[in-house]
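Shown here: data28.cif, mmCIF, C-alpha atoms and all ligand atoms.
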data_my_file
#
loop_
_atom_site.group_PDB
_atom_site.id
_atom_site.type_symbol
_atom_site.label_atom_id
_atom_site.label_comp_id
_atom_site.auth_asym_id
_atom_site.auth_seq_id
_atom_site.Cartn_x
_atom_site.Cartn_y
_atom_site.Cartn_z
ATOM 1 C CA MET M 59 -13.401 4.028 -18.005
ATOM 2 C CA TYR M 60 -10.333 4.054 -20.233
ATOM 3 C CA ASN M 61 -9.370 0.368 -20.639
ATOM 4 C CA LEU M 62 -6.009 1.317 -19.180
ATOM 5 C CA LEU M 63 -5.300 -2.224 -17.930
ATOM 6 C CA LYS M 64 -6.881 -4.209 -20.764
ATOM 7 C CA GLY M 65 -5.258 -7.657 -20.915
ATOM 8 C CA LYS M 66 -3.060 -7.032 -17.869
ATOM 9 C CA LYS M 67 -2.706 -9.595 -15.069
ATOM 10 C CA GLY M 68 -1.772 -9.022 -11.470
ATOM 11 C CA ILE M 69 -1.859 -9.754 -7.753
ATOM 12 C CA ILE M 70 -3.489 -7.412 -5.229
ATOM 13 C CA PHE M 71 -2.492 -7.784 -1.561
ATOM 14 C CA GLY M 72 -4.427 -6.272 1.350
ATOM 15 C CA ALA M 73 -8.146 -5.916 0.512
ATOM 16 C CA LEU M 74 -9.819 -6.440 3.891
ATOM 17 C CA ASP M 75 -13.108 -4.533 3.623
ATOM 18 C CA PRO M 76 -14.670 -1.916 1.317
ATOM 19 C CA GLN M 77 -12.693 0.879 3.032
ATOM 20 C CA SER M 78 -9.327 -0.720 2.180
ATOM 21 C CA ILE M 79 -7.249 1.104 -0.419
ATOM 22 C CA ALA M 80 -6.560 -2.316 -2.003
ATOM 23 C CA TRP M 81 -10.308 -2.994 -2.253
ATOM 24 C CA LYS M 82 -10.872 0.233 -4.201
ATOM 25 C CA THR M 83 -7.850 -0.547 -6.367
ATOM 26 C CA ALA M 84 -9.243 -3.997 -7.187
ATOM 27 C CA GLU M 85 -12.583 -2.478 -8.192
ATOM 28 C CA ARG M 86 -10.858 0.097 -10.395
ATOM 29 C CA ALA M 87 -8.476 -2.489 -11.923
ATOM 30 C CA HIS M 88 -11.487 -4.633 -12.816
ATOM 31 C CA GLU M 89 -13.231 -1.651 -14.408
ATOM 32 C CA GLU M 90 -10.081 -0.922 -16.428
ATOM 33 C CA GLY M 91 -10.007 -4.445 -17.892
ATOM 34 C CA ALA M 92 -7.430 -6.234 -15.699
ATOM 35 C CA THR M 93 -7.652 -9.788 -14.371
ATOM 36 C CA PHE M 94 -6.057 -10.533 -11.023
ATOM 37 C CA VAL M 95 -5.756 -12.724 -7.959
ATOM 38 C CA LEU M 96 -6.673 -11.286 -4.554
ATOM 39 C CA THR M 97 -4.692 -12.259 -1.497
ATOM 40 C CA ASN M 98 -4.614 -11.543 2.216
ATOM 41 C CA ALA M 99 -3.366 -13.141 5.429
ATOM 42 C CA PRO M 100 -5.293 -16.289 6.399
ATOM 43 C CA ALA M 101 -6.537 -14.518 9.577
ATOM 44 C CA ALA M 102 -7.939 -11.646 7.497
ATOM 45 C CA MET M 103 -10.072 -14.122 5.528
ATOM 46 C CA ARG M 104 -12.153 -14.638 8.660
ATOM 47 C CA MET M 105 -12.348 -10.939 9.635
ATOM 48 C CA GLY M 106 -12.993 -9.325 6.278
ATOM 49 C CA SER M 107 -15.294 -9.773 3.315
ATOM 50 C CA ILE M 108 -12.829 -10.492 0.517
ATOM 51 C CA ASP M 109 -15.137 -13.109 -1.063
ATOM 52 C CA VAL M 110 -17.649 -10.375 -1.889
ATOM 53 C CA LEU M 111 -14.928 -8.483 -3.749
ATOM 54 C CA ALA M 112 -13.769 -11.644 -5.528
ATOM 55 C CA LYS M 113 -17.274 -12.260 -6.825
ATOM 56 C CA LYS M 114 -17.685 -8.658 -7.931
ATOM 57 C CA THR M 115 -14.364 -8.639 -9.818
ATOM 58 C CA ASN M 116 -14.418 -12.257 -11.119
ATOM 59 C CA SER M 117 -11.216 -13.015 -9.279
ATOM 60 C CA THR M 118 -9.822 -15.897 -7.240
ATOM 61 C CA VAL M 119 -8.654 -15.522 -3.642
ATOM 62 C CA ILE M 120 -5.425 -17.224 -2.563
ATOM 63 C CA PRO M 121 -4.606 -16.771 1.145
ATOM 64 C CA ALA M 122 -0.976 -15.924 1.911
ATOM 65 C CA ASP M 123 0.801 -14.573 4.947
ATOM 66 C CA ALA M 124 3.102 -12.005 3.316
ATOM 67 C CA THR M 125 5.859 -12.851 5.829
ATOM 68 C CA SER M 126 5.969 -16.498 4.704
ATOM 69 C CA ILE M 127 8.165 -17.290 1.680
ATOM 70 C CA GLU M 128 6.381 -20.632 1.316
ATOM 71 C CA ASP M 129 2.965 -18.934 1.131
ATOM 72 C CA LEU M 130 4.302 -16.357 -1.335
ATOM 73 C CA GLN M 131 5.813 -19.024 -3.587
ATOM 74 C CA ASN M 132 2.515 -20.889 -3.641
ATOM 75 C CA LEU M 133 0.657 -17.635 -4.363
ATOM 76 C CA VAL M 134 2.868 -16.573 -7.269
ATOM 77 C CA GLU M 135 2.817 -20.053 -8.857
ATOM 78 C CA LYS M 136 -0.950 -20.443 -8.540
ATOM 79 C CA ALA M 137 -1.649 -16.878 -9.701
ATOM 80 C CA GLN M 138 0.275 -17.518 -12.933
ATOM 81 C CA ASP M 139 -1.611 -20.809 -13.476
ATOM 82 C CA ILE M 140 -4.987 -19.144 -12.913
ATOM 83 C CA LEU M 141 -4.247 -16.010 -14.952
ATOM 84 C CA GLY M 142 -2.480 -17.920 -17.744
ATOM 85 C CA GLY M 143 0.977 -16.359 -17.724
ATOM 86 C CA LYS M 144 3.327 -13.867 -16.167
ATOM 87 C CA LEU M 145 2.185 -10.816 -14.205
ATOM 88 C CA ASP M 146 2.021 -7.156 -15.207
ATOM 89 C CA PHE M 147 1.252 -5.547 -11.843
ATOM 90 C CA VAL M 148 1.471 -6.215 -8.107
ATOM 91 C CA LEU M 149 0.069 -4.066 -5.279
ATOM 92 C CA HIS M 150 1.543 -4.420 -1.777
ATOM 93 C CA SER M 151 -1.061 -2.756 0.467
ATOM 94 C CA ILE M 152 -0.052 -4.201 3.834
ATOM 95 C CA GLY M 153 0.654 -2.595 7.178
ATOM 96 C CA MET M 154 0.413 -3.538 10.851
ATOM 97 C CA SER M 155 2.206 -2.490 14.037
ATOM 98 C CA VAL M 156 1.805 -4.672 17.113
ATOM 99 C CA ASN M 157 3.158 -1.813 19.254
ATOM 100 C CA VAL M 158 0.399 0.488 17.968
ATOM 101 C CA ARG M 159 -2.205 -2.200 18.538
ATOM 102 C CA LYS M 160 -1.005 -2.824 22.103
ATOM 103 C CA LYS M 161 -0.705 0.928 22.751
ATOM 104 C CA LYS M 162 3.049 0.827 23.447
ATOM 105 C CA SER M 163 4.623 4.274 23.119
ATOM 106 C CA TYR M 164 7.578 4.900 20.775
ATOM 107 C CA THR M 165 9.842 5.510 23.777
ATOM 108 C CA ASP M 166 8.924 2.163 25.339
ATOM 109 C CA LEU M 167 8.670 -0.302 22.458
ATOM 110 C CA ASN M 168 8.361 -4.031 22.895
ATOM 111 C CA TYR M 169 11.062 -5.188 20.472
ATOM 112 C CA ASP M 170 9.419 -8.527 19.752
ATOM 113 C CA PHE M 171 6.393 -6.530 18.622
ATOM 114 C CA SER M 172 8.697 -4.229 16.610
ATOM 115 C CA VAL M 173 10.254 -7.173 14.765
ATOM 116 C CA LYS M 174 6.825 -8.620 13.933
ATOM 117 C CA GLY M 175 5.496 -5.268 12.687
ATOM 118 C CA TRP M 176 8.644 -4.684 10.611
ATOM 119 C CA ASP M 177 8.365 -8.140 9.051
ATOM 120 C CA VAL M 178 4.699 -7.599 8.108
ATOM 121 C CA SER M 179 4.915 -3.941 7.055
ATOM 122 C CA ALA M 180 8.353 -3.634 5.473
ATOM 123 C CA LEU M 181 10.348 -6.847 4.992
ATOM 124 C CA SER M 182 7.314 -8.536 3.403
ATOM 125 C CA PHE M 183 7.778 -6.185 0.423
ATOM 126 C CA HIS M 184 11.291 -7.574 -0.077
ATOM 127 C CA LYS M 185 9.962 -11.119 0.281
ATOM 128 C CA VAL M 186 7.202 -10.521 -2.282
ATOM 129 C CA MET M 187 9.663 -9.059 -4.783
ATOM 130 C CA SER M 188 12.262 -11.725 -4.119
ATOM 131 C CA VAL M 189 9.748 -14.467 -4.979
ATOM 132 C CA LEU M 190 8.577 -12.578 -8.098
ATOM 133 C CA TYR M 191 12.197 -11.956 -9.171
ATOM 134 C CA ASN M 192 13.500 -15.467 -8.615
ATOM 135 C CA LYS M 193 10.514 -17.058 -10.340
ATOM 136 C CA LYS M 194 10.869 -14.570 -13.241
ATOM 137 C CA ALA M 195 7.147 -13.979 -12.747
ATOM 138 C CA MET M 196 6.894 -10.395 -14.066
ATOM 139 C CA ASN M 197 6.406 -9.363 -17.697
ATOM 140 C CA GLU M 198 8.627 -6.634 -19.182
ATOM 141 C CA TRP M 199 7.309 -3.153 -18.373
ATOM 142 C CA GLY M 200 5.409 -4.547 -15.420
ATOM 143 C CA SER M 201 4.795 -2.349 -12.369
ATOM 144 C CA ILE M 202 5.087 -3.047 -8.632
ATOM 145 C CA ILE M 203 3.653 -0.606 -6.080
ATOM 146 C CA ALA M 204 3.684 -0.462 -2.284
ATOM 147 C CA LEU M 205 1.749 2.042 -0.184
ATOM 148 C CA THR M 206 3.489 4.253 2.344
ATOM 149 C CA TYR M 207 3.044 7.359 4.505
ATOM 150 C CA MET M 208 4.969 10.609 4.935
ATOM 151 C CA ALA M 209 5.966 9.734 8.506
ATOM 152 C CA ALA M 210 8.891 8.003 6.750
ATOM 153 C CA GLN M 211 10.347 11.481 6.109
ATOM 154 C CA ARG M 212 8.870 13.707 8.831
ATOM 155 C CA VAL M 213 7.893 13.213 12.464
ATOM 156 C CA PHE M 214 4.268 12.331 13.280
ATOM 157 C CA PRO M 215 4.574 11.169 16.920
ATOM 158 C CA ASP M 216 1.641 8.767 17.134
ATOM 159 C CA TYR M 217 2.582 6.942 13.933
ATOM 160 C CA ASN M 218 5.037 5.176 16.250
ATOM 161 C CA ASP M 219 7.304 2.438 14.843
ATOM 162 C CA MET M 220 5.317 2.402 11.592
ATOM 163 C CA ALA M 221 7.362 5.489 10.628
ATOM 164 C CA ASP M 222 10.542 3.398 10.741
ATOM 165 C CA ASN M 223 8.847 0.542 8.888
ATOM 166 C CA LYS M 224 7.742 2.895 6.112
ATOM 167 C CA ALA M 225 11.265 4.355 5.776
ATOM 168 C CA TYR M 226 12.577 0.788 5.380
ATOM 169 C CA LEU M 227 9.804 -0.067 2.891
ATOM 170 C CA GLU M 228 10.640 2.962 0.723
ATOM 171 C CA SER M 229 14.310 2.014 0.735
ATOM 172 C CA ILE M 230 13.477 -1.543 -0.378
ATOM 173 C CA ALA M 231 11.529 -0.094 -3.323
ATOM 174 C CA ARG M 232 14.633 1.769 -4.510
ATOM 175 C CA SER M 233 17.098 -1.051 -3.861
ATOM 176 C CA PHE M 234 15.048 -3.887 -5.384
ATOM 177 C CA GLY M 235 13.749 -1.554 -8.095
ATOM 178 C CA TYR M 236 17.303 -1.195 -9.377
ATOM 179 C CA TYR M 237 17.612 -4.943 -10.016
ATOM 180 C CA PHE M 238 14.072 -5.277 -11.357
ATOM 181 C CA GLY M 239 14.720 -2.402 -13.779
ATOM 182 C CA LYS M 240 18.105 -3.674 -14.996
ATOM 183 C CA ASP M 241 17.165 -7.326 -15.298
ATOM 184 C CA PHE M 242 13.470 -7.318 -16.255
ATOM 185 C CA LYS M 243 12.498 -3.735 -17.240
ATOM 186 C CA VAL M 244 10.027 -3.755 -14.362
ATOM 187 C CA ARG M 245 9.353 -0.574 -12.371
ATOM 188 C CA VAL M 246 9.053 -0.383 -8.580
ATOM 189 C CA ASN M 247 7.627 2.609 -6.712
ATOM 190 C CA THR M 248 5.947 3.576 -3.463
ATOM 191 C CA ILE M 249 2.879 5.818 -3.267
ATOM 192 C CA SER M 250 2.775 8.021 -0.171
ATOM 193 C CA GLN M 251 -0.914 8.477 0.548
ATOM 194 C CA SER M 252 -2.818 11.062 2.643
ATOM 195 C CA PRO M 253 -4.230 9.863 5.980
ATOM 196 C CA THR M 254 -7.302 7.781 5.099
ATOM 197 C CA VAL M 255 -10.085 6.238 7.189
ATOM 198 C CA THR M 256 -9.487 2.463 6.932
ATOM 199 C CA THR M 257 -9.015 -0.350 9.457
ATOM 200 C CA ALA M 258 -5.223 0.235 9.463
ATOM 201 C CA GLY M 259 -5.677 4.034 9.511
ATOM 202 C CA LYS M 260 -8.056 3.901 12.474
ATOM 203 C CA GLY M 261 -5.366 2.126 14.514
ATOM 204 C CA VAL M 262 -3.305 5.337 14.589
ATOM 205 C CA LYS M 263 -3.990 7.397 17.726
ATOM 206 C CA GLY M 264 -5.616 10.748 16.941
ATOM 207 C CA LEU M 265 -6.340 9.897 13.280
ATOM 208 C CA ASN M 266 -9.058 12.567 13.108
ATOM 209 C CA GLY M 267 -6.638 15.296 14.182
ATOM 210 C CA PHE M 268 -4.118 14.094 11.582
ATOM 211 C CA LEU M 269 -6.787 13.939 8.932
ATOM 212 C CA ASN M 270 -8.272 17.396 9.523
ATOM 213 C CA TYR M 271 -4.881 19.065 9.820
ATOM 214 C CA ALA M 272 -3.610 17.493 6.571
ATOM 215 C CA ASP M 273 -6.846 18.413 4.822
ATOM 216 C CA LYS M 274 -6.512 22.076 5.864
ATOM 217 C CA MET M 275 -2.822 22.224 4.907
ATOM 218 C CA ALA M 276 -3.085 20.551 1.481
ATOM 219 C CA PRO M 277 -4.064 22.969 -1.315
ATOM 220 C CA LEU M 278 -6.114 20.202 -2.938
ATOM 221 C CA GLY M 279 -7.287 18.635 0.339
ATOM 222 C CA ASN M 280 -6.657 15.025 1.369
ATOM 223 C CA ALA M 281 -6.647 12.298 -1.263
ATOM 224 C CA SER M 282 -9.338 9.649 -0.752
ATOM 225 C CA ALA M 283 -8.868 5.880 -0.989
ATOM 226 C CA LEU M 284 -10.594 5.898 -4.377
ATOM 227 C CA GLU M 285 -8.277 8.640 -5.647
ATOM 228 C CA CYS M 286 -5.322 6.563 -4.418
ATOM 229 C CA ALA M 287 -6.725 3.624 -6.385
ATOM 230 C CA ASP M 288 -6.947 5.805 -9.502
ATOM 231 C CA TYR M 289 -3.336 6.909 -9.115
ATOM 232 C CA THR M 290 -2.230 3.320 -8.609
ATOM 233 C CA ILE M 291 -4.057 2.294 -11.803
ATOM 234 C CA SER M 292 -2.153 4.981 -13.718
ATOM 235 C CA MET M 293 1.087 3.551 -12.297
ATOM 236 C CA PHE M 294 0.085 0.069 -13.485
ATOM 237 C CA SER M 295 -0.774 1.362 -16.962
ATOM 238 C CA ASP M 296 1.575 1.762 -19.933
ATOM 239 C CA LEU M 297 1.413 5.550 -19.520
ATOM 240 C CA THR M 298 4.050 5.583 -16.734
ATOM 241 C CA LYS M 299 6.660 3.167 -18.106
ATOM 242 C CA LYS M 300 9.755 5.161 -17.174
ATOM 243 C CA VAL M 301 8.759 6.054 -13.614
ATOM 244 C CA THR M 302 10.738 3.901 -11.207
ATOM 245 C CA LEU M 303 12.621 3.985 -7.852
ATOM 246 C CA GLN M 304 10.372 6.850 -6.740
ATOM 247 C CA ASN M 305 8.416 7.669 -3.630
ATOM 248 C CA LEU M 306 5.379 9.401 -5.153
ATOM 249 C CA PHE M 307 3.411 11.729 -2.894
ATOM 250 C CA HIS M 308 -0.340 11.449 -3.362
ATOM 251 C CA ASP M 309 -1.489 13.883 -0.723
ATOM 252 C CA GLY M 310 -3.089 16.955 -2.334
ATOM 253 C CA GLY M 311 0.242 18.799 -1.989
ATOM 254 C CA PHE M 312 0.500 18.439 1.818
ATOM 255 C CA SER M 313 4.140 17.306 1.786
ATOM 256 C CA ASN M 314 5.400 20.581 0.282
ATOM 257 C CA VAL M 315 3.350 23.057 2.307
ATOM 258 C CA GLY M 316 4.837 24.874 5.310
ATOM 259 C CA MET M 317 1.698 26.794 6.248
ATOM 260 C CA SER M 318 -1.770 27.353 4.813
ATOM 261 C CA THR M 319 -4.053 30.331 5.398
ATOM 262 C CA GLU M 320 -6.665 28.058 7.052
ATOM 263 C CA VAL M 321 -4.187 26.773 9.642
ATOM 264 C CA MET M 322 -2.682 30.251 10.068
ATOM 265 C CA ASP M 323 -6.187 31.612 10.831
ATOM 266 C CA ILE M 324 -6.663 29.081 13.660
ATOM 267 C CA PHE M 325 -3.419 30.184 15.343
ATOM 268 C CA SER M 326 -3.980 33.898 14.662
ATOM 269 C CA LYS M 327 -7.324 33.712 16.502
ATOM 270 C CA GLU M 328 -5.649 31.983 19.462
ATOM 271 C CA SER M 329 -3.097 34.802 19.854
ATOM 272 C CA GLU M 330 -5.665 37.644 19.590
HETATM 273 N N1 LIG G 401 -5.019 4.548 6.007
HETATM 274 C C1 LIG G 401 -4.080 5.468 5.973
HETATM 275 O O1 LIG G 401 -4.174 6.547 6.570
HETATM 276 C C2 LIG G 401 -2.846 5.199 5.132
HETATM 277 C C3 LIG G 401 -2.044 6.297 4.738
HETATM 278 C C4 LIG G 401 -0.873 6.037 3.997
HETATM 279 C C5 LIG G 401 -0.535 4.711 3.699
HETATM 280 N N2 LIG G 401 -1.331 3.674 4.105
HETATM 281 C C6 LIG G 401 -0.928 2.296 3.791
HETATM 282 O O2 LIG G 401 -1.837 1.724 2.903
HETATM 283 C C7 LIG G 401 -1.728 0.294 3.015
HETATM 284 C C8 LIG G 401 -3.123 -0.310 3.101
HETATM 285 O O3 LIG G 401 -3.743 0.025 4.308
HETATM 286 P P1 LIG G 401 -5.262 0.490 4.435
HETATM 287 O O4 LIG G 401 -5.238 1.876 4.996
HETATM 288 O O5 LIG G 401 -5.996 0.218 3.174
HETATM 289 O O6 LIG G 401 -5.790 -0.443 5.633
HETATM 290 P P2 LIG G 401 -6.357 -1.965 5.675
HETATM 291 O O7 LIG G 401 -6.400 -2.298 7.125
HETATM 292 O O8 LIG G 401 -7.607 -2.052 4.910
HETATM 293 O O9 LIG G 401 -5.223 -2.814 4.937
HETATM 294 C C9 LIG G 401 -4.095 -3.368 5.584
HETATM 295 C C10 LIG G 401 -4.013 -4.811 5.109
HETATM 296 O O10 LIG G 401 -2.820 -5.459 5.543
HETATM 297 C C11 LIG G 401 -3.172 -6.838 5.656
HETATM 298 N N3 LIG G 401 -2.181 -7.625 6.379
HETATM 299 C C12 LIG G 401 -1.820 -7.485 7.696
HETATM 300 N N4 LIG G 401 -0.923 -8.452 8.010
HETATM 301 C C13 LIG G 401 -0.707 -9.188 6.896
HETATM 302 C C14 LIG G 401 0.113 -10.310 6.591
HETATM 303 N N5 LIG G 401 0.899 -10.893 7.517
HETATM 304 N N6 LIG G 401 0.093 -10.829 5.330
HETATM 305 C C15 LIG G 401 -0.722 -10.279 4.377
HETATM 306 N N7 LIG G 401 -1.503 -9.200 4.609
HETATM 307 C C16 LIG G 401 -1.494 -8.668 5.847
HETATM 308 C C17 LIG G 401 -4.505 -6.748 6.396
HETATM 309 O O11 LIG G 401 -5.215 -7.971 6.428
HETATM 310 C C18 LIG G 401 -5.193 -5.660 5.610
HETATM 311 O O12 LIG G 401 -5.912 -6.194 4.517
HETATM 312 C C19 LIG G 401 -0.829 0.030 4.223
HETATM 313 O O13 LIG G 401 0.488 -0.196 3.788
HETATM 314 C C20 LIG G 401 -0.917 1.335 4.977
HETATM 315 O O14 LIG G 401 0.173 1.548 5.831
HETATM 316 C C21 LIG G 401 -2.486 3.891 4.808
#
Can the structure from this file be put into structure tokens for me?
Amino acid sequence: MYNLLKGKKGIIFGALDPQSIAWKTAERAHEEGATFVLTNAPAAMRMGSIDVLAKKTNSTVIPADATSIEDLQNLVEKAQDILGGKLDFVLHSIGMSVNVRKKKSYTDLNYDFSVKGWDVSALSFHKVMSVLYNKKAMNEWGSIIALTYMAAQRVFPDYNDMADNKAYLESIARSFGYYFGKDFKVRVNTISQSPTVTTAGKGVKGLNGFLNYADKMAPLGNASALECADYTISMFSDLTKKVTLQNLFHDGGFSNVGMSTEVMDIFSKESE
């Protein structure tokens, strides 16, 4: 361990179970010397095991629905009371599509479901930052990260309306990041992670196909949840102070590869 977050305070959204990227990030943040508050939707408190993580990392859990401004205001106020001051880092690790859950196809969306999924997966990032900004809750050189997926840039059919939500999320990072940078010297970025086996990941139809294909295309192979946590820690540390308004690919190089020899071999055999 490197003490990269020694003395830093933060809020981590989205740790549901030990597979969650946010769970791994909380464990790594604790190891690197940070103190933080954990939060998740009230419903997730019943489904997951966040209390185990809280005990392990000496942190407090404050439930908050990330679509509710009232919940977010309460969270940010209480987190500062508990941690004893302003925040240095915030992780938004939240995603959910009702259309995916209800198996609606992209060409036949239920728009009430779309609005709900967009609010949870994308607009919530604006709401979180708006509360942090208006309460002046971030320290100078603080860092805010949200997690995203490459379907925001390229077509992955079964990612459904989450692709549109991620495109919106990435745009919010740039737009709000401008104001956070100018007014508070706080950086805002998104990390675009490889497909990963988690509760949210498993909701995507054909995840295994996605996962194996990406792994064979990426020169370094897929990035794991723990590796994503490590990258996020580096983005919370003082070693990345001038990185902002970026969508940062953390995918073993997948996003820049047109063809790999492994995938080529599969198709060459088929045409023999
Ligand atoms: N798993 C993948 O393949 C993958 C790839 C790239 C990006 N991501 C992104 O990583 C992030 C974390 O997902 P994960 O894969 O760790 O899965 P996960 O299911 O462990 O985490 C998703 C979290 O969102 C929370 N959430 C849902 N609705 C909420 C609400 N209204 N308020 C507050 N929290 C709410 C859930 O309770 C859960 O903890 C998501 O943004 C996801 O889209 C995942």
List as a count of residues only the protein and nucleic acid residues near stretch 248-262 of chain M, meaning an atom at most 7 Å away when only C-alpha atoms are counted, but skip any in the same chain fewer than 5 places from it.
28
Evaluated on this file, the PyMOL selection byres (((chain M and resi 109) around 12) and not hetatm) picks out some residues - which ones are they, written as a ChimeraX atom specification?
/M:73-76,81,95-98,102-108,110-121
Taking all atoms of ligand LIG 401 (chain G) that the file lists, what box with edges along x, y and z, padded by 4 Å per side, do you get, with centre and edge lengths in Å to one decimal, as lines of an AutoDock Vina configuration file?
center_x = -3.4
center_y = -2.2
center_z = 5.5
size_x = 16.5
size_y = 25.4
size_z = 13.1
Between M:Asp139, M:Asp123, M:Asp222, M:Asp146, which one has atoms that come closest to M:Ser172, using all atoms listed in the file?
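The answer is M:Asp222, which sits nearest to M:Ser172.
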Quick one: residues within 9 Å of M:Asn218, only C-alpha atoms, excluding same-chain residues fewer than 5 positions away - as a compact mmCIF listing (two decimals) with C-alpha atoms, in the coordinates of the input?
# COMPACT_ATOMS: atom_id res chain seq x y z
CA SER M 155 2.21 -2.49 14.04
CA ASN M 157 3.16 -1.81 19.25
CA VAL M 158 0.40 0.49 17.97
CA LYS M 162 3.05 0.83 23.45
CA SER M 163 4.62 4.27 23.12
CA TYR M 164 7.58 4.90 20.78
CA THR M 165 9.84 5.51 23.78
CA VAL M 262 -3.30 5.34 14.59
What does the distance from atom CA of M:Thr302 to atom CA of M:Lys243 come to in Å, to one decimal?
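Here the two named atoms are 9.9 Å from each other.
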Resolved residues for the PyMOL selection byres (((chain M and resi 227) around 8) and not hetatm) as a list in words:
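Here the PyMOL selection byres (((chain M and resi 227) around 8) and not hetatm) matches Ser179, Ala180, Leu181, Phe183, Thr206, Asn223, Lys224, Ala225, Tyr226, Glu228, Ser229, Ile230 and Ala231 of chain M.
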Writer output for current selection, C-alpha atoms, as a CSV table (one decimal), in the coordinates of the input:
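Saved to out00.csv:
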chain,number,residue,atom,x,y,z
M,179,SER,CA,4.9,-3.9,7.1
M,180,ALA,CA,8.4,-3.6,5.5
M,181,LEU,CA,10.3,-6.8,5.0
M,183,PHE,CA,7.8,-6.2,0.4
M,206,THR,CA,3.5,4.3,2.3
M,223,ASN,CA,8.8,0.5,8.9
M,224,LYS,CA,7.7,2.9,6.1
M,225,ALA,CA,11.3,4.4,5.8
M,226,TYR,CA,12.6,0.8,5.4
M,228,GLU,CA,10.6,3.0,0.7
M,229,SER,CA,14.3,2.0,0.7
M,230,ILE,CA,13.5,-1.5,-0.4
M,231,ALA,CA,11.5,-0.1,-3.3
Identify which of the residues M:Ile324, M:Ala195, M:Ala122, M:Leu190 lies closest to ligand LIG 401 (chain G), counting all atoms listed in the file when measuring atom-to-atom distances.
M:Ala122
Can you find the residues with an atom no farther than 7 Å from (11.6, 1.8, -20.2), counting only C-alpha atoms, and report them as number ranges by chain?
M: 199, 243, 299-300
Please report the interatomic distance between atom CA of M:Ala272 and atom CA of M:Leu149 in Å with one decimal.
24.9 Å
Excluding M:Tyr236 and its own-chain neighbours fewer than 2 positions away, which residues fall within 12 Å of it when counting only C-alpha atoms? Please give them as a ChimeraX atom specification.
/M:187,191,229-234,238-247,301-304
What does the file look like for those residues with C-alpha atoms, as an mmCIF file, in the frame of the given file?
data_model
loop_
_atom_site.group_PDB
_atom_site.id
_atom_site.type_symbol
_atom_site.label_atom_id
_atom_site.label_comp_id
_atom_site.auth_asym_id
_atom_site.auth_seq_id
_atom_site.Cartn_x
_atom_site.Cartn_y
_atom_site.Cartn_z
ATOM 1 C CA MET M 187 9.663 -9.059 -4.783
ATOM 2 C CA TYR M 191 12.197 -11.956 -9.171
ATOM 3 C CA SER M 229 14.310 2.014 0.735
ATOM 4 C CA ILE M 230 13.477 -1.543 -0.378
ATOM 5 C CA ALA M 231 11.529 -0.094 -3.323
ATOM 6 C CA ARG M 232 14.633 1.769 -4.510
ATOM 7 C CA SER M 233 17.098 -1.051 -3.861
ATOM 8 C CA PHE M 234 15.048 -3.887 -5.384
ATOM 9 C CA PHE M 238 14.072 -5.277 -11.357
ATOM 10 C CA GLY M 239 14.720 -2.402 -13.779
ATOM 11 C CA LYS M 240 18.105 -3.674 -14.996
ATOM 12 C CA ASP M 241 17.165 -7.326 -15.298
ATOM 13 C CA PHE M 242 13.470 -7.318 -16.255
ATOM 14 C CA LYS M 243 12.498 -3.735 -17.240
ATOM 15 C CA VAL M 244 10.027 -3.755 -14.362
ATOM 16 C CA ARG M 245 9.353 -0.574 -12.371
ATOM 17 C CA VAL M 246 9.053 -0.383 -8.580
ATOM 18 C CA ASN M 247 7.627 2.609 -6.712
ATOM 19 C CA VAL M 301 8.759 6.054 -13.614
ATOM 20 C CA THR M 302 10.738 3.901 -11.207
ATOM 21 C CA LEU M 303 12.621 3.985 -7.852
ATOM 22 C CA GLN M 304 10.372 6.850 -6.740
#
To one decimal place in Å, what is the distance between atom CA of M:Phe312 and atom CA of M:Leu278?
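Calculated distance between atom CA of M:Phe312 and atom CA of M:Leu278 is 8.3 Å.
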Test item: the PyMOL selection byres (((chain M and resi 148) around 9) and not hetatm) resolved as JSON, numbers by chain:
{"M": [67, 68, 69, 70, 71, 145, 146, 147, 149, 150, 200, 201, 202, 203, 204, 294]}
Report as a PDB file with C-alpha atoms, in the coordinates of the input all protein, DNA and RNA residues lying within 10 Å of M:Ile127, evaluated on all atoms listed in the file, omitting residues in the same chain fewer than 3 positions from it.
ATOM      1  CA  ALA M 122      -0.976 -15.924   1.911  1.00  0.00           C
ATOM      2  CA  ASP M 123       0.801 -14.573   4.947  1.00  0.00           C
ATOM      3  CA  ALA M 124       3.102 -12.005   3.316  1.00  0.00           C
ATOM      4  CA  LEU M 130       4.302 -16.357  -1.335  1.00  0.00           C
ATOM      5  CA  GLN M 131       5.813 -19.024  -3.587  1.00  0.00           C
ATOM      6  CA  ASN M 132       2.515 -20.889  -3.641  1.00  0.00           C
ATOM      7  CA  LEU M 133       0.657 -17.635  -4.363  1.00  0.00           C
ATOM      8  CA  SER M 182       7.314  -8.536   3.403  1.00  0.00           C
ATOM      9  CA  LYS M 185       9.962 -11.119   0.281  1.00  0.00           C
ATOM     10  CA  VAL M 186       7.202 -10.521  -2.282  1.00  0.00           C
ATOM     11  CA  SER M 188      12.262 -11.725  -4.119  1.00  0.00           C
ATOM     12  CA  VAL M 189       9.748 -14.467  -4.979  1.00  0.00           C
TER      13      VAL M 189
END
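Among the candidates M:Ala99, M:Ala287, M:Met293, M:Ala87, the one nearest to ligand LIG 401 (chain G) when counting all atoms listed in the file is M:Ala99.
Using all atoms listed in the file, the nearest neighbour of M:Tyr271 within the list M:Ile291, M:Leu62, M:Met322, M:Leu284 is M:Met322.
Among the candidate residues M:Leu141, M:Ile152, M:Leu63, M:Ala210, the one lying nearest to M:Ile79 is M:Ile152, with distances computed using only C-alpha atoms.
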